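Enquirer: Take a look at the following structure, please.
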Amino acid sequence: MDQAGLHREVFAFNPDLPLEEAWTPPASWYTAPAVDQLERTAVFRNSWQLACRAAQVQNPGDFVAGLSFGLAWVVVRGQDGVLRAMANVCRHKATQVCEGAGNLPHLTCPYHGWTYKLDGALRTAPRVAGIRNLERGEMSLPPFAVEEWGPYVFVHANPQARPLSDSLTDLKAALDATGWSELRWHSRRRYVVDCNWKVFCDNYLDGGYHIAHMHPSLADQLDLDSYRTELFEQFNVQTSGADTLGGGRIGGGAIYAWIYPNLMLNRYGPVLDTNYVLPLDADRCEVFFDFFFDASVDEDWVEKSLEQSDVTQQEDMWVSAKAQIGMKSGSWPRGRYAPAVEKGVQHFHRLLAGDLRRAAT
């Protein structure tokens, strides 16, 4: 797809139509490698992305290094107690300075031994005698924006990015009311799904539309008549009361919160599980599930909850893969929204269109 074709496809979706009249984005948004590549810079490298759990970087010297859409970063707690994020790229020959997670007194590049303080400043550079006009201040690791929010640490490539918490005040208040800060991390699971990352998000955001058809065990625990979706600037929240006859792990109901572009938080009963979705290519994505539980629940209950979560995820993976096949078939140019339930899906598409249009022009 050339630049003109990409521009045409990006603008094929009209974000200004009311839900009752609107069409979804075209199939190309879900299948074209050119759109997938545009999203890497226009969406993911231009948004707050989950880096690690806050518990992993609590002590001076604690660090976590990662790679997000080609952007190498490291989050580190300084000796002064300040949490920082910076480019994990040596200023000498661009090698990644550190990898994985752990605790270090300083950061050392494995290539030529250049070392950096925990605040990113150049500490030592072996055998550089003779270099003229070397300004140490210019050789620091470039800073990124970093923020702790809930149980996580987030990074943004733009050090001047608007704080994440500014747009999530209402969501934090709702989650605080559930006592989510008292939950303890248990484990992480990874799934590879044969669909575009947006198919997975669309499925999550459909206002419970698919639950009765795809998730019978979950539907038994929810009062689907009470299902509601509320839209905010950079997130939306779906809520449902519990089915008093269903029982199970949902407890007093559920909060399903989606944060643009690719993070979901699911709060129900004594559980918080989070889904972090990353594209692998136009046709595949990976989803990382983190599970947090209240200390009062026993391991038996936890294992049953994890088993039920896996059942639901396998069902979502199956239907998402089927949707991806249909989108690639050439017989589905675009679709329509179900106005009673799918306003969260359109909300996602509108935010996405804003980023893609700005990048395409």
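Just so we're on the same page: first chain in the structure tokens is A, next is B, and so on; residues restart at 1 for each chain, and ligands are numbered from 1 in the order they show up.
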Write out as a Markdown table the residues of stretch 108-172 of chain A that have any atom within 10 Å of an atom of stretch 50-59 of chain A, one row each with the nearest atom pair and its distance in Å to one decimal, counting only C-alpha atoms, sorted by chain and then rising number.

Expert:
```
| residue | atom | partner | partner_atom | distance |
| --- | --- | --- | --- | --- |
| A:Val146 | CA | A:Ala51 | CA | 9.1 |
| A:Glu147 | CA | A:Ala54 | CA | 9.6 |
| A:Glu148 | CA | A:Ala54 | CA | 6.6 |
| A:Trp149 | CA | A:Ala54 | CA | 8.3 |
| A:Gly150 | CA | A:Ala54 | CA | 8.2 |
| A:Pro151 | CA | A:Ala54 | CA | 5.6 |
| A:Tyr152 | CA | A:Arg53 | CA | 4.3 |
| A:Val153 | CA | A:Cys52 | CA | 5.4 |
| A:Phe154 | CA | A:Leu50 | CA | 4.5 |
| A:Val155 | CA | A:Ala51 | CA | 6.2 |
| A:His156 | CA | A:Leu50 | CA | 9.1 |
```

Enquirer: Considering only strand (DSSP E) as DSSP defines it on the backbone, what residues of stretch 98-330 of chain A qualify? List them as a PyMOL selection string.

Expert: chain A and resi 101-103+107-108+115-116+122-124+143-149+152-156+184-193+222-231+235-242+254-259+263-268+271-281+284-293

Enquirer: Near stretch 31-42 of chain A, within 9 Å and counting only C-alpha atoms, which residues show up once chain neighbours fewer than 6 positions away are dropped, as a list in words?

Expert: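 Once the adjacent positions are removed, what remains is Met1, Asp2, Gln3, Leu6, Glu9, Val10, Phe69, Gly70, Cys195, Asn196, Pro279, Asp281, Ala282, Asp283, Gln324, Met327, Lys328, Leu352, Asp355, Leu356, Arg357, Arg358, Ala359 and Ala360 of chain A.
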
Enquirer: Just want the 10 Å neighbourhood of A:Ala22, counted on only C-alpha atoms, with same-chain residues fewer than 4 positions away dropped. Output as a PDB file with C-alpha atoms, in the first residue's frame.

Expert:
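And here's selection.pdb as it stands now:
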```
ATOM      1  CA  PHE A  13     -13.683   5.849   8.715  1.00  0.00           C
ATOM      2  CA  ASN A  14     -15.849   8.809   9.739  1.00  0.00           C
ATOM      3  CA  PRO A  15     -15.518   9.359  13.507  1.00  0.00           C
ATOM      4  CA  ASP A  16     -18.068  12.165  13.542  1.00  0.00           C
ATOM      5  CA  LEU A  17     -21.202  10.168  12.731  1.00  0.00           C
ATOM      6  CA  PRO A  18     -23.591   9.317  15.575  1.00  0.00           C
ATOM      7  CA  GLY A 335     -19.585  -3.267   9.503  1.00  0.00           C
ATOM      8  CA  ARG A 336     -22.161  -1.466  11.654  1.00  0.00           C
ATOM      9  CA  TYR A 337     -22.448  -0.892  15.401  1.00  0.00           C
ATOM     10  CA  ALA A 338     -25.219  -2.227  17.628  1.00  0.00           C
ATOM     11  CA  PRO A 339     -26.242   1.107  19.236  1.00  0.00           C
ATOM     12  CA  GLN A 346     -16.941   3.289  18.637  1.00  0.00           C
TER      13      GLN A 346
END
```

Enquirer: Give one line per residue of stretch 262-298 of chain A that approaches stretch 187-191 of chain A to at most 9 Å, naming the two atoms of the closest pair and their distance in Å to one decimal, counting only C-alpha atoms; sort by chain then ascending residue number and deliver it as a tab-separated table.

Expert:
```
residue	atom	partner	partner_atom	distance
A:Cys285	CA	A:Tyr191	CA	8.4
A:Glu286	CA	A:Tyr191	CA	5.6
A:Val287	CA	A:Tyr191	CA	5.2
A:Phe288	CA	A:Arg190	CA	4.6
A:Phe289	CA	A:Arg189	CA	5.1
A:Asp290	CA	A:Arg188	CA	4.5
A:Phe291	CA	A:Ser187	CA	5.5
A:Phe292	CA	A:Ser187	CA	7.6
```

Enquirer: Generate the output file for the selected residues, N, CA, C and O atoms, as a PDB file, in the first residue's frame.

Expert:
```pdb
ATOM      1  N   CYS A 285      -1.637 -10.990  17.759  1.00  0.00           N
ATOM      2  CA  CYS A 285      -1.287 -10.164  18.908  1.00  0.00           C
ATOM      3  C   CYS A 285      -0.970 -11.079  20.078  1.00  0.00           C
ATOM      4  O   CYS A 285      -1.255 -12.279  20.050  1.00  0.00           O
ATOM      5  N   GLU A 286      -0.350 -10.515  21.093  1.00  0.00           N
ATOM      6  CA  GLU A 286      -0.125 -11.251  22.332  1.00  0.00           C
ATOM      7  C   GLU A 286      -0.784 -10.490  23.465  1.00  0.00           C
ATOM      8  O   GLU A 286      -0.855  -9.252  23.452  1.00  0.00           O
ATOM      9  N   VAL A 287      -1.312 -11.244  24.431  1.00  0.00           N
ATOM     10  CA  VAL A 287      -2.007 -10.650  25.565  1.00  0.00           C
ATOM     11  C   VAL A 287      -1.371 -11.174  26.841  1.00  0.00           C
ATOM     12  O   VAL A 287      -1.241 -12.386  27.021  1.00  0.00           O
ATOM     13  N   PHE A 288      -0.967 -10.245  27.705  1.00  0.00           N
ATOM     14  CA  PHE A 288      -0.397 -10.599  28.995  1.00  0.00           C
ATOM     15  C   PHE A 288      -1.442 -10.372  30.073  1.00  0.00           C
ATOM     16  O   PHE A 288      -1.966  -9.263  30.221  1.00  0.00           O
ATOM     17  N   PHE A 289      -1.759 -11.425  30.803  1.00  0.00           N
ATOM     18  CA  PHE A 289      -2.707 -11.362  31.900  1.00  0.00           C
ATOM     19  C   PHE A 289      -1.932 -11.350  33.220  1.00  0.00           C
ATOM     20  O   PHE A 289      -1.132 -12.260  33.471  1.00  0.00           O
ATOM     21  N   ASP A 290      -2.157 -10.346  34.056  1.00  0.00           N
ATOM     22  CA  ASP A 290      -1.641 -10.345  35.426  1.00  0.00           C
ATOM     23  C   ASP A 290      -2.817 -10.544  36.370  1.00  0.00           C
ATOM     24  O   ASP A 290      -3.870  -9.911  36.206  1.00  0.00           O
ATOM     25  N   PHE A 291      -2.622 -11.405  37.376  1.00  0.00           N
ATOM     26  CA  PHE A 291      -3.688 -11.724  38.317  1.00  0.00           C
ATOM     27  C   PHE A 291      -3.299 -11.275  39.723  1.00  0.00           C
ATOM     28  O   PHE A 291      -2.215 -11.603  40.220  1.00  0.00           O
ATOM     29  N   PHE A 292      -4.206 -10.521  40.349  1.00  0.00           N
ATOM     30  CA  PHE A 292      -4.047 -10.057  41.723  1.00  0.00           C
ATOM     31  C   PHE A 292      -5.222 -10.596  42.533  1.00  0.00           C
ATOM     32  O   PHE A 292      -6.376 -10.544  42.074  1.00  0.00           O
TER      33      PHE A 292
END
```
